[in-house]
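What follows is the content of query-v1.csv, which has CSV, C-alpha atoms:
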```csv
chain,number,residue,atom,x,y,z
U,181,MET,CA,-6.1,8.1,3.9
U,182,ILE,CA,-3.1,6.1,5.0
U,183,ASP,CA,0.5,7.0,4.6
U,184,GLU,CA,1.4,6.2,0.9
U,185,SER,CA,4.9,5.2,1.9
U,186,ARG,CA,3.6,2.4,4.1
U,187,TRP,CA,2.0,0.5,1.2
U,188,GLN,CA,3.9,-2.7,0.7
U,189,GLY,CA,5.0,-4.6,-2.4
U,190,VAL,CA,3.3,-2.9,-5.4
U,191,LYS,CA,5.2,-3.9,-8.4
U,192,PRO,CA,4.7,-6.0,-11.6
U,193,ASN,CA,4.2,-9.7,-10.8
U,194,SER,CA,6.9,-12.2,-11.8
U,195,ARG,CA,7.0,-12.6,-15.5
U,196,PRO,CA,5.8,-16.0,-16.6
U,197,ILE,CA,8.4,-18.2,-18.3
U,198,PRO,CA,7.5,-20.2,-21.3
U,199,VAL,CA,7.9,-24.0,-21.4
U,200,ASN,CA,8.6,-26.4,-24.2
U,201,TRP,CA,5.2,-27.3,-25.5
U,202,ASN,CA,4.4,-30.5,-27.3
U,203,ARG,CA,1.8,-28.7,-29.3
U,204,ARG,CA,0.5,-31.7,-31.3
U,205,LYS,CA,1.5,-35.2,-31.7
U,206,ARG,CA,2.9,-35.5,-35.1
U,207,PRO,CA,0.9,-37.6,-37.5
U,208,MET,CA,2.2,-41.2,-37.5
U,209,MET,CA,2.7,-43.2,-40.6
U,210,MET,CA,-0.4,-45.3,-40.2
U,211,LEU,CA,0.4,-48.0,-42.7
U,212,VAL,CA,2.6,-50.7,-41.3
U,213,GLY,CA,3.3,-52.5,-44.6
U,214,MET,CA,1.8,-53.5,-47.8
U,215,ILE,CA,-0.7,-56.2,-47.5
U,216,MET,CA,-1.1,-56.8,-51.2
U,217,ALA,CA,0.7,-55.6,-54.3
U,218,GLY,CA,-2.5,-54.2,-55.8
U,219,CYS,CA,-2.9,-51.6,-53.1
U,220,PHE,CA,0.6,-50.1,-53.6
U,221,THR,CA,-0.6,-46.9,-55.4
U,222,PHE,CA,-3.3,-46.3,-52.7
U,223,VAL,CA,-0.9,-46.6,-49.9
U,224,PHE,CA,1.6,-44.3,-51.6
U,225,CYS,CA,-1.0,-41.6,-52.0
U,226,ALA,CA,-2.2,-41.9,-48.4
U,227,THR,CA,1.3,-41.6,-47.2
U,228,GLY,CA,1.9,-38.5,-49.2
U,229,ILE,CA,-1.3,-36.9,-47.8
U,230,ALA,CA,-0.2,-37.7,-44.3
U,231,ASP,CA,3.2,-36.2,-44.9
U,232,GLU,CA,1.6,-33.1,-46.3
U,233,LYS,CA,-0.6,-32.7,-43.2
U,234,ALA,CA,2.4,-33.3,-40.9
U,235,ASN,CA,4.3,-30.6,-42.7
U,236,THR,CA,1.4,-28.2,-42.4
U,237,GLY,CA,1.0,-29.0,-38.7
U,238,ARG,CA,4.7,-28.5,-38.1
U,239,ALA,CA,4.6,-25.2,-39.9
U,240,ALA,CA,1.6,-24.0,-37.8
U,241,GLU,CA,3.4,-25.2,-34.7
U,242,LYS,CA,6.5,-23.4,-35.7
U,243,GLU,CA,4.6,-20.2,-36.4
U,244,ALA,CA,2.7,-20.3,-33.1
U,245,GLY,CA,5.9,-21.0,-31.2
U,246,SER,CA,7.6,-18.1,-32.9
U,247,CYS,CA,4.7,-15.7,-31.9
U,248,VAL,CA,5.0,-16.8,-28.3
U,249,GLN,CA,8.8,-16.5,-28.3
U,250,VAL,CA,8.7,-13.0,-29.8
U,251,ALA,CA,6.2,-11.9,-27.2
U,252,TYR,CA,8.3,-13.4,-24.4
U,253,GLU,CA,11.6,-11.9,-25.7
U,254,SER,CA,9.8,-8.5,-25.8
U,255,SER,CA,8.7,-8.9,-22.2
U,256,LYS,CA,12.3,-9.5,-21.0
U,257,SER,CA,13.3,-5.9,-21.8
U,258,SER,CA,10.0,-4.2,-20.8
U,259,THR,CA,10.6,-1.3,-18.5
U,260,THR,CA,8.8,1.7,-20.1
U,261,MET,CA,5.2,2.4,-21.1
U,262,ALA,CA,6.1,1.8,-24.8
U,263,ASP,CA,7.9,-1.5,-23.9
U,264,TYR,CA,4.9,-2.9,-22.1
U,265,SER,CA,2.5,-1.7,-24.8
U,266,ARG,CA,4.6,-3.5,-27.4
U,267,THR,CA,4.5,-6.7,-25.4
U,268,ILE,CA,0.8,-6.4,-25.0
U,269,THR,CA,0.4,-5.9,-28.8
U,270,LEU,CA,2.6,-9.0,-29.5
U,271,CYS,CA,0.5,-11.0,-27.1
U,272,ASP,CA,-2.6,-10.0,-29.0
U,273,GLN,CA,-1.0,-11.0,-32.3
U,274,ALA,CA,0.0,-14.4,-30.8
U,275,LEU,CA,-3.5,-15.1,-29.6
U,276,LYS,CA,-4.6,-14.8,-33.3
U,277,ALA,CA,-2.2,-17.7,-34.2
U,278,ASP,CA,-3.1,-21.3,-34.1
U,279,LEU,CA,-2.0,-21.9,-30.5
U,280,SER,CA,-2.3,-24.9,-28.4
U,281,GLU,CA,-4.3,-24.7,-25.1
U,282,SER,CA,-1.1,-24.4,-23.1
U,283,GLN,CA,0.2,-21.6,-25.3
U,284,VAL,CA,-3.0,-19.7,-25.0
U,285,VAL,CA,-2.9,-20.0,-21.2
U,286,TYR,CA,0.7,-18.8,-21.2
U,287,ILE,CA,0.1,-15.8,-23.5
U,288,LYS,CA,-2.8,-14.7,-21.4
U,289,GLN,CA,-0.6,-14.9,-18.3
U,290,LEU,CA,2.1,-12.9,-20.1
U,291,LYS,CA,-0.3,-10.2,-21.3
U,292,SER,CA,-1.7,-10.0,-17.7
U,293,TRP,CA,1.8,-9.5,-16.4
U,294,ALA,CA,2.5,-6.7,-19.0
U,295,LEU,CA,-0.8,-5.0,-18.2
U,296,VAL,CA,0.1,-4.9,-14.5
U,297,GLY,CA,3.5,-3.5,-15.4
U,298,ARG,CA,2.1,-0.8,-17.7
U,299,SER,CA,-0.5,0.2,-15.1
U,300,GLN,CA,2.2,1.0,-12.6
U,301,LEU,CA,3.6,3.7,-14.9
U,302,TYR,CA,0.5,5.8,-15.0
U,303,PRO,CA,0.6,8.7,-12.5
U,304,VAL,CA,-1.1,8.0,-9.2
U,305,ALA,CA,-4.3,9.9,-8.6
U,306,GLY,CA,-3.6,13.2,-6.8
U,307,SER,CA,0.1,13.2,-7.6
U,308,GLU,CA,1.7,16.2,-9.3
U,309,ALA,CA,2.2,14.3,-12.5
U,310,ALA,CA,-1.5,13.3,-12.6
U,311,LEU,CA,-2.7,16.8,-11.9
U,312,SER,CA,-0.3,18.4,-14.4
U,313,GLU,CA,-1.3,16.0,-17.2
U,314,ASN,CA,-5.0,16.5,-16.4
U,315,SER,CA,-5.5,13.1,-18.0
U,316,THR,CA,-7.4,9.9,-17.6
U,317,ALA,CA,-4.3,8.1,-16.1
U,318,ALA,CA,-6.2,6.6,-13.2
U,319,GLU,CA,-9.0,5.3,-15.5
U,320,ASN,CA,-6.4,3.9,-17.9
U,321,ALA,CA,-4.6,2.1,-15.0
U,322,LEU,CA,-7.8,0.6,-13.7
U,323,GLN,CA,-8.7,-0.5,-17.2
U,324,ASP,CA,-5.4,-2.3,-17.6
U,325,LEU,CA,-5.7,-3.9,-14.2
U,326,GLY,CA,-9.3,-5.0,-14.9
U,327,ASP,CA,-8.1,-6.6,-18.1
U,328,ALA,CA,-5.2,-8.2,-16.3
U,329,VAL,CA,-7.6,-9.8,-13.8
U,330,SER,CA,-9.9,-11.0,-16.6
U,331,LEU,CA,-7.0,-12.7,-18.4
U,332,ASN,CA,-5.6,-14.4,-15.4
U,333,GLN,CA,-7.8,-14.6,-12.3
U,334,LYS,CA,-5.0,-16.2,-10.4
U,335,ASN,CA,-2.7,-13.2,-10.8
U,336,TRP,CA,-2.8,-12.0,-7.2
U,337,GLN,CA,-0.4,-9.2,-8.0
U,338,ALA,CA,-3.0,-7.7,-10.4
U,339,PHE,CA,-5.5,-7.7,-7.5
U,340,LEU,CA,-2.9,-6.1,-5.3
U,341,ALA,CA,-2.0,-3.4,-7.8
U,342,ARG,CA,-5.7,-2.7,-8.4
U,343,ALA,CA,-6.3,-2.4,-4.7
U,344,HIS,CA,-3.5,0.2,-4.6
U,345,ARG,CA,-5.2,2.2,-7.4
U,346,GLN,CA,-8.6,2.0,-5.7
U,347,TYR,CA,-7.0,3.2,-2.4
U,348,THR,CA,-5.3,6.2,-4.1
U,349,GLY,CA,-8.6,7.0,-5.7
U,350,GLY,CA,-10.2,7.1,-2.3
U,351,ASP,CA,-12.4,3.9,-2.6
U,352,LEU,CA,-11.3,1.9,0.5
U,353,ASN,CA,-14.1,-0.6,0.1
U,354,LEU,CA,-13.1,-1.7,-3.4
U,355,ALA,CA,-9.5,-1.7,-2.4
U,356,ILE,CA,-10.3,-4.1,0.5
U,357,GLU,CA,-12.3,-6.3,-1.8
U,358,ASP,CA,-9.4,-6.7,-4.1
U,359,LEU,CA,-7.1,-7.4,-1.2
U,360,ASP,CA,-9.6,-10.1,-0.1
U,361,SER,CA,-9.2,-11.7,-3.5
U,362,ALA,CA,-5.4,-11.4,-3.4
U,363,ILE,CA,-5.3,-13.0,0.0
U,364,ARG,CA,-7.4,-16.0,-1.1
U,365,LEU,CA,-4.9,-16.5,-3.9
U,366,ALA,CA,-1.7,-15.9,-1.9
U,367,PRO,CA,-2.3,-16.3,1.8
U,368,THR,CA,1.4,-16.6,2.6
U,369,GLU,CA,2.2,-13.1,1.2
U,370,GLY,CA,2.6,-10.9,4.3
U,371,LYS,CA,2.3,-7.7,2.3
U,372,LEU,CA,-1.3,-8.5,1.5
U,373,TRP,CA,-2.3,-8.9,5.1
U,374,PHE,CA,-0.4,-5.7,6.0
U,375,ASN,CA,-2.0,-3.6,3.3
U,376,ARG,CA,-5.5,-4.8,4.2
U,377,GLY,CA,-4.7,-4.0,7.8
U,378,GLU,CA,-3.7,-0.4,6.8
U,379,LEU,CA,-7.0,0.1,5.0
U,380,LEU,CA,-9.1,-1.4,7.8
U,381,PHE,CA,-7.3,0.9,10.3
U,382,ALA,CA,-8.2,3.8,8.0
U,383,LYS,CA,-11.8,2.8,8.2
U,384,GLY,CA,-11.6,2.6,12.0
U,385,LEU,CA,-12.0,-1.2,12.2
U,386,PHE,CA,-9.2,-1.5,14.7
U,387,GLU,CA,-9.8,-5.0,16.0
U,388,ILE,CA,-10.0,-6.5,12.5
U,389,ALA,CA,-6.9,-4.5,11.4
U,390,ALA,CA,-5.0,-5.8,14.4
U,391,ALA,CA,-5.8,-9.3,13.4
U,392,ASP,CA,-4.5,-8.6,9.8
U,393,TYR,CA,-1.3,-7.1,11.2
U,394,SER,CA,-0.9,-10.3,13.4
U,395,GLU,CA,-1.2,-12.5,10.3
U,396,ALA,CA,1.5,-10.4,8.6
U,397,LEU,CA,3.7,-10.9,11.7
U,398,ASN,CA,3.0,-14.7,11.6
U,399,ILE,CA,4.6,-14.7,8.1
U,400,ASP,CA,7.4,-12.3,9.0
U,401,ALA,CA,8.0,-11.8,12.7
U,402,ASN,CA,10.4,-8.9,11.9
U,403,ASP,CA,7.9,-6.8,9.9
U,404,VAL,CA,8.3,-3.6,12.0
U,405,GLN,CA,5.6,-1.8,9.9
U,406,ALA,CA,3.0,-4.5,10.8
U,407,MET,CA,4.2,-4.4,14.4
U,408,THR,CA,3.8,-0.6,14.5
U,409,GLY,CA,0.4,-0.8,12.9
U,410,ARG,CA,-0.8,-3.3,15.4
U,411,ALA,CA,0.5,-1.1,18.3
U,412,HIS,CA,-1.5,1.8,16.8
U,413,CYS,CA,-4.6,-0.4,16.9
U,414,TYR,CA,-4.0,-1.3,20.5
U,415,VAL,CA,-3.7,2.4,21.4
U,416,ARG,CA,-7.1,3.1,19.7
U,417,LEU,CA,-8.5,0.1,21.5
U,418,LEU,CA,-7.2,1.5,24.8
U,419,ASN,CA,-4.9,-1.4,25.3
U,420,ASN,CA,-1.8,0.5,26.0
U,421,SER,CA,0.0,-2.4,27.7
U,422,LYS,CA,-0.1,-4.4,24.5
U,423,ALA,CA,0.8,-1.3,22.5
U,424,LEU,CA,3.9,-0.7,24.5
U,425,ASP,CA,4.9,-4.4,24.1
U,426,ASP,CA,4.8,-3.9,20.3
U,427,TYR,CA,6.5,-0.5,20.4
U,428,ASN,CA,9.3,-2.0,22.5
U,429,ALA,CA,9.6,-4.8,20.0
U,430,VAL,CA,9.9,-2.3,17.2
U,431,LEU,CA,12.7,-0.5,18.9
U,432,LYS,CA,14.6,-3.7,19.5
U,433,ARG,CA,14.6,-4.2,15.7
U,434,ALA,CA,15.0,-0.5,14.7
U,435,PRO,CA,16.9,1.2,17.6
U,436,LYS,CA,17.9,4.1,15.4
U,437,SER,CA,14.4,5.0,14.2
U,438,PRO,CA,13.1,8.4,15.4
U,439,ALA,CA,9.5,7.4,14.5
U,440,ALA,CA,9.8,4.3,16.8
U,441,TYR,CA,10.8,6.5,19.8
U,442,LEU,CA,8.1,9.0,18.9
U,443,ASN,CA,5.4,6.4,18.8
U,444,ARG,CA,6.4,5.0,22.2
U,445,ALA,CA,6.6,8.5,23.6
U,446,GLU,CA,3.0,9.2,22.6
U,447,CYS,CA,1.9,6.0,24.3
U,448,TYR,CA,3.8,6.8,27.5
U,449,LEU,CA,2.2,10.3,27.4
U,450,ILE,CA,-1.3,8.7,27.3
U,451,GLU,CA,-0.3,6.5,30.2
U,452,GLY,CA,0.8,9.5,32.2
U,453,GLN,CA,4.4,8.2,32.3
U,454,TYR,CA,5.9,11.7,31.7
U,455,ALA,CA,9.5,10.9,32.5
U,456,LYS,CA,9.6,8.0,30.0
U,457,ALA,CA,7.7,10.1,27.4
U,458,ALA,CA,10.2,13.0,27.8
U,459,ASN,CA,13.1,10.7,27.4
U,460,ASP,CA,11.7,9.1,24.2
U,461,TYR,CA,10.8,12.5,22.7
U,462,ARG,CA,14.4,13.5,23.4
U,463,GLU,CA,15.7,10.3,21.7
U,464,ALA,CA,13.5,11.0,18.7
U,465,LEU,CA,14.6,14.6,18.3
U,466,THR,CA,18.3,13.6,18.8
U,467,ARG,CA,17.8,11.4,15.7
U,468,ASP,CA,15.7,13.9,13.7
U,469,GLN,CA,15.8,17.5,14.8
U,470,ASN,CA,13.1,18.4,12.2
U,471,LEU,CA,10.4,16.0,13.5
U,472,ALA,CA,7.4,18.4,14.0
U,473,GLN,CA,5.3,15.7,15.6
U,474,ALA,CA,7.8,15.3,18.4
U,475,TYR,CA,7.8,19.0,19.1
U,476,ARG,CA,4.0,18.9,19.3
U,477,GLY,CA,4.2,16.0,21.7
U,478,VAL,CA,6.6,17.9,23.9
U,479,ALA,CA,4.5,21.0,23.8
U,480,TRP,CA,1.3,19.1,24.7
U,481,MET,CA,3.0,17.3,27.6
U,482,TYR,CA,4.4,20.5,29.1
U,483,ALA,CA,1.0,22.2,28.7
U,484,ILE,CA,-1.3,19.6,30.3
U,485,SER,CA,0.9,17.5,32.6
U,486,PRO,CA,-0.2,17.6,36.3
U,487,ASP,CA,3.4,16.8,37.2
U,488,SER,CA,5.1,20.1,38.0
U,489,GLN,CA,8.4,18.7,36.7
U,490,TYR,CA,6.9,18.3,33.2
U,491,ASN,CA,4.6,21.4,33.2
U,492,ASN,CA,6.1,24.5,31.7
U,493,PRO,CA,4.0,26.9,29.6
U,494,LEU,CA,7.1,28.6,28.1
U,495,VAL,CA,8.5,25.2,27.0
U,496,ALA,CA,5.1,24.3,25.6
U,497,GLU,CA,4.7,27.5,23.6
U,498,LYS,CA,8.3,27.4,22.3
U,499,SER,CA,7.9,23.8,21.2
U,500,VAL,CA,4.6,24.3,19.4
U,501,LYS,CA,5.9,27.3,17.6
U,502,ARG,CA,8.8,25.2,16.4
U,503,ALA,CA,6.4,22.6,15.1
U,504,ILE,CA,4.5,25.3,13.2
U,505,GLU,CA,7.7,26.6,11.8
U,506,LEU,CA,8.7,23.1,10.6
U,507,ASP,CA,5.2,22.4,9.1
U,508,GLY,CA,5.1,25.8,7.5
U,509,GLN,CA,1.5,26.4,8.6
U,510,GLU,CA,-0.9,26.3,11.5
U,511,THR,CA,-2.3,22.9,11.0
U,512,THR,CA,-5.2,21.7,13.2
U,513,GLU,CA,-2.8,19.5,15.1
U,514,ASN,CA,-0.6,22.5,15.8
U,515,LEU,CA,-3.6,24.8,16.7
U,516,VAL,CA,-5.0,22.4,19.4
U,517,VAL,CA,-1.5,22.2,21.0
U,518,LEU,CA,-1.2,26.0,20.8
U,519,ALA,CA,-4.5,26.4,22.5
U,520,ALA,CA,-3.3,24.1,25.3
U,521,ALA,CA,-0.1,26.1,25.7
U,522,GLN,CA,-2.1,29.4,25.8
U,523,ALA,CA,-4.4,27.9,28.5
U,524,ALA,CA,-1.4,26.7,30.5
U,525,ASP,CA,-0.1,30.2,30.5
U,526,GLY,CA,-3.5,31.5,31.7
U,527,ASP,CA,-4.5,33.0,28.4
U,528,HIS,CA,-7.9,31.3,28.4
U,529,SER,CA,-9.8,33.6,26.1
U,530,ARG,CA,-7.1,33.3,23.4
U,531,ALA,CA,-7.1,29.6,23.9
U,532,ARG,CA,-10.9,29.4,23.3
U,533,GLU,CA,-10.4,31.5,20.1
U,534,THR,CA,-7.7,29.2,18.9
U,535,ILE,CA,-10.0,26.2,19.5
U,536,GLN,CA,-12.8,27.9,17.5
U,537,ARG,CA,-10.3,28.6,14.7
U,538,LEU,CA,-9.1,25.1,14.4
U,539,LYS,CA,-12.7,23.8,14.2
U,540,VAL,CA,-13.1,25.6,10.8
U,541,GLY,CA,-9.7,24.4,9.6
U,542,GLY,CA,-10.9,21.1,8.1
U,543,GLU,CA,-11.4,17.6,9.2
U,544,LEU,CA,-9.8,16.7,12.6
U,545,SER,CA,-7.6,13.7,13.1
U,546,HIS,CA,-8.4,11.2,15.8
U,547,GLN,CA,-5.7,12.5,18.1
U,548,CYS,CA,-6.8,16.1,17.5
U,549,ARG,CA,-10.4,15.4,18.3
U,550,ASN,CA,-9.4,13.8,21.6
U,551,ARG,CA,-7.3,16.8,22.5
U,552,VAL,CA,-10.1,19.2,21.7
U,553,ARG,CA,-12.4,17.2,23.9
U,554,PHE,CA,-9.9,17.2,26.7
U,555,LEU,CA,-9.5,21.0,26.5
U,556,GLU,CA,-13.2,21.6,26.3
U,557,SER,CA,-13.7,19.6,29.4
U,558,GLN,CA,-11.5,21.8,31.5
U,559,THR,CA,-13.0,24.3,34.0
U,560,TRP,CA,-11.6,27.4,32.3
U,561,PHE,CA,-13.3,26.4,29.0
U,562,VAL,CA,-16.6,25.3,30.5
U,563,ASN,CA,-16.9,28.4,32.7
U,564,GLU,CA,-15.4,30.8,30.1
U,565,ILE,CA,-12.8,32.0,32.5
U,566,GLY,CA,-10.1,34.4,31.6
U,567,GLU,CA,-9.2,37.4,29.6
U,568,ASN,CA,-6.7,37.9,26.8
U,569,LYS,CA,-3.2,38.6,28.2
U,570,THR,CA,-1.4,41.6,27.0
U,571,PRO,CA,0.8,40.5,24.0
```

Would you put the structure from the file into structure tokens?
Amino acid sequence: MIDESRWQGVKPNSRPIPVNWNRRKRPMMMLVGMIMAGCFTFVFCATGIADEKANTGRAAEKEAGSCVQVAYESSKSSTTMADYSRTITLCDQALKADLSESQVVYIKQLKSWALVGRSQLYPVAGSEAALSENSTAAENALQDLGDAVSLNQKNWQAFLARAHRQYTGGDLNLAIEDLDSAIRLAPTEGKLWFNRGELLFAKGLFEIAAADYSEALNIDANDVQAMTGRAHCYVRLLNNSKALDDYNAVLKRAPKSPAAYLNRAECYLIEGQYAKAANDYREALTRDQNLAQAYRGVAWMYAISPDSQYNNPLVAEKSVKRAIELDGQETTENLVVLAAAQAADGDHSRARETIQRLKVGGELSHQCRNRVRFLESQTWFVNEIGENKTP
């Protein structure tokens, strides 16, 4: 799953504004004059019927306009679940009135807007609120969003919001399908390209994800999230030169970001540029002393670097223990680095035990798998060299 904080632009779509409808042309007085005196009574009666119909039409028009206006006024103050539900109910009532075609279209748009708004107030799947309520919040939200799409198939925000719900529910394929629809409707919305890029990245489709991040950057050249996402893609595609170009561009726009320095440090480390990596890790930790990932990076570098200036088992062990302290647990990411530190210190048996321990600790990240493969390719692991050192 992708980082929830990176999802862009999920909020109720802009509320539709009513226009002045000319619901019906008022009946015209059809008789121009009296052609003959003998028809006077007939003409008088016809005129009276026409006026009655006109009055009835005006009354129906006034009632319909009133229903629409009440629903719209309710929407203006909608912020809570109850507010949106009231607006939805008023829209349903309005649809039962004798509305014109344009009024029907508007009320459906307004109801679609309110359904999207209400859907955002249901707890997200997996959140503490959703778990504590043990409710059907996710299903209710998806029902609202399905209805919103049915009412207004041009409401790209409904597709975006539903994609977000599908993603939080773990269905990346359906989320991508909804973003496909949203992009067809609003191709100039950068957030749509970015979000789809995030999901494609999560599925391991790095080339396609990079293309989506590029589309987002074509719309907003300063979108540092899209720039960072594309750089991550280039790293996975083993194109570190392009990755560094993007990481450098991010730092030009966000020079105070510890994450930006961390990302570039990781890329320098892959490239074997240890001095530059060490400097960026230092910059990251200067800005955020509680950045566990930076401590892991430092520990890995000082455990595996062939450069004696940046190889120090004691620094490696101290750094990984700090990462474990900050994370509050021995995650698989921490364990693989701990194994590297143990191996660097000559404690090969314990390093092998640590590797076996992390393999039963759950699913491994891409980086963690690569690091395990690296350690298992080393002579000490292949030949099972070494004994446990005395604690």

Go ahead and compute the interatomic distance for atom CA of U:Asn335 and atom CA of U:Lys288, in Å to one decimal.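 It comes out at 10.7 Å.
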
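Relative to atom CA of U:Tyr414, atom CA of U:Tyr347 is found at 23.5 Å.
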
Calculate how many Å separate atom CA of U:Ala455 from atom CA of U:Tyr427, rounding to one decimal. 16.9 Å

Excluding stretch 389-395 of chain U and residues on its chain fewer than 3 positions from it, collect all residues at most 8 Å away from it, counting only C-alpha atoms, and give them as a list in words.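 Returned residues: Gly370, Trp373, Phe374, Arg376, Gly377, Glu378, Leu379, Leu380, Phe381, Leu385, Phe386, Asn398, Ile399, Ala406, Met407, Gly409, Arg410, Cys413 and Tyr414 of chain U.
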
Tell me which of U:Val415, U:Gly477, U:Ser499, U:Ala382 sits closest to U:Asn353, counting all atoms listed in the file.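 Under the stated criterion, the closest residue is U:Ala382.
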
Please determine the residues with any atom at most 7 Å from (8.9, 10.3, 11.8) (coordinates as given in the file, with only C-alpha atoms counting) and report them as a list in words.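 Checking each residue against the 7 Å limit leaves Pro438, Ala439 and Leu471 of chain U.
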
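Nearest-residue note for U:His344: choosing from U:Leu365, U:Asn492, U:Met261, U:Trp187, the minimum distance belongs to U:Trp187, counting all atoms listed in the file.
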
Counting all atoms listed in the file, find residues at most 12 Å from (-10.2, 32.5, 21.7) (file frame) and give them as a ChimeraX atom specification. /U:515-516,518-520,522-523,527-539,560-561,564-569

Of the listed residues U:Gln249, U:Cys271, U:Ala503, U:Glu513, that which approaches U:Leu544 most closely, counting only C-alpha atoms: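 So, comparing all the options, the nearest one is U:Glu513.
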
Counting all atoms listed in the file, figure out which residue out of U:Leu449, U:Val552, U:Val495, U:Ala483 gets nearest to U:Thr512. U:Val552

Would you kindly return, as a ChimeraX atom specification, each protein, DNA or RNA residue with an atom no farther than 10 Å from any atom of U:Trp293, considering all atoms listed in the file and excluding same-chain residues fewer than 3 positions away? /U:192-196,255,264,267-268,287-290,296-298,325,328-329,331-332,335,337-338

Just C-alpha atoms for this one: save the residues we selected as a PDB file, in the coordinates of the input.
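That gives us again_28.pdb:
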```
ATOM      1  CA  PRO U 192       4.700  -6.000 -11.600  1.00  0.00           C
ATOM      2  CA  ASN U 193       4.200  -9.700 -10.800  1.00  0.00           C
ATOM      3  CA  SER U 194       6.900 -12.200 -11.800  1.00  0.00           C
ATOM      4  CA  ARG U 195       7.000 -12.600 -15.500  1.00  0.00           C
ATOM      5  CA  PRO U 196       5.800 -16.000 -16.600  1.00  0.00           C
ATOM      6  CA  SER U 255       8.700  -8.900 -22.200  1.00  0.00           C
ATOM      7  CA  TYR U 264       4.900  -2.900 -22.100  1.00  0.00           C
ATOM      8  CA  THR U 267       4.500  -6.700 -25.400  1.00  0.00           C
ATOM      9  CA  ILE U 268       0.800  -6.400 -25.000  1.00  0.00           C
ATOM     10  CA  ILE U 287       0.100 -15.800 -23.500  1.00  0.00           C
ATOM     11  CA  LYS U 288      -2.800 -14.700 -21.400  1.00  0.00           C
ATOM     12  CA  GLN U 289      -0.600 -14.900 -18.300  1.00  0.00           C
ATOM     13  CA  LEU U 290       2.100 -12.900 -20.100  1.00  0.00           C
ATOM     14  CA  VAL U 296       0.100  -4.900 -14.500  1.00  0.00           C
ATOM     15  CA  GLY U 297       3.500  -3.500 -15.400  1.00  0.00           C
ATOM     16  CA  ARG U 298       2.100  -0.800 -17.700  1.00  0.00           C
ATOM     17  CA  LEU U 325      -5.700  -3.900 -14.200  1.00  0.00           C
ATOM     18  CA  ALA U 328      -5.200  -8.200 -16.300  1.00  0.00           C
ATOM     19  CA  VAL U 329      -7.600  -9.800 -13.800  1.00  0.00           C
ATOM     20  CA  LEU U 331      -7.000 -12.700 -18.400  1.00  0.00           C
ATOM     21  CA  ASN U 332      -5.600 -14.400 -15.400  1.00  0.00           C
ATOM     22  CA  ASN U 335      -2.700 -13.200 -10.800  1.00  0.00           C
ATOM     23  CA  GLN U 337      -0.400  -9.200  -8.000  1.00  0.00           C
ATOM     24  CA  ALA U 338      -3.000  -7.700 -10.400  1.00  0.00           C
TER      25      ALA U 338
END
```

Nearby residues (only C-alpha atoms) at most 9 Å from stretch 460-469 of chain U, same-chain spacing under 4 positions excluded, as a ChimeraX atom specification: /U:436-446,448,455-456,474-475,477-478

Compile the contact shell of U:Leu372 as a ChimeraX atom specification: residues with an atom at most 8 Å away, counting only C-alpha atoms, same-chain residues fewer than 4 positions apart removed. /U:188,340,359,362-363,367,376,396

Would you list the contacts of U:Val430 as a list in words, taking every protein, DNA or RNA residue within 9 Å and counting all atoms listed in the file, but skipping same-chain residues closer than 2 positions in sequence?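 Once the nearby chain positions are removed, what remains is Asn402, Asp403, Val404, Gln405, Met407, Thr408, Asp425, Asp426, Tyr427, Asn428, Lys432, Arg433, Ala434, Pro435 and Ala440 of chain U.
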
Could you write those residues out with C-alpha atoms, as a short mmCIF file (atom, residue, chain, number, x, y, z; two decimals), keeping the file's coordinate frame?
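Produced file part-v5.cif, reproduced below:
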```
data_model
loop_
_atom_site.label_atom_id
_atom_site.label_comp_id
_atom_site.auth_asym_id
_atom_site.auth_seq_id
_atom_site.Cartn_x
_atom_site.Cartn_y
_atom_site.Cartn_z
CA ASN U 402 10.40 -8.90 11.90
CA ASP U 403 7.90 -6.80 9.90
CA VAL U 404 8.30 -3.60 12.00
CA GLN U 405 5.60 -1.80 9.90
CA MET U 407 4.20 -4.40 14.40
CA THR U 408 3.80 -0.60 14.50
CA ASP U 425 4.90 -4.40 24.10
CA ASP U 426 4.80 -3.90 20.30
CA TYR U 427 6.50 -0.50 20.40
CA ASN U 428 9.30 -2.00 22.50
CA LYS U 432 14.60 -3.70 19.50
CA ARG U 433 14.60 -4.20 15.70
CA ALA U 434 15.00 -0.50 14.70
CA PRO U 435 16.90 1.20 17.60
CA ALA U 440 9.80 4.30 16.80
#
```

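Nearest to U:Ser485 of all the residues U:Ala521, U:Ala341, U:Val248, U:Leu295 is U:Ala521, counting only C-alpha atoms.
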
Using all atoms listed in the file, which residue out of U:Val517, U:Leu494, U:Ala423, U:Leu397 lies closest to U:Asn550?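 Residue with the minimum atom-to-atom distance to U:Asn550: U:Val517.
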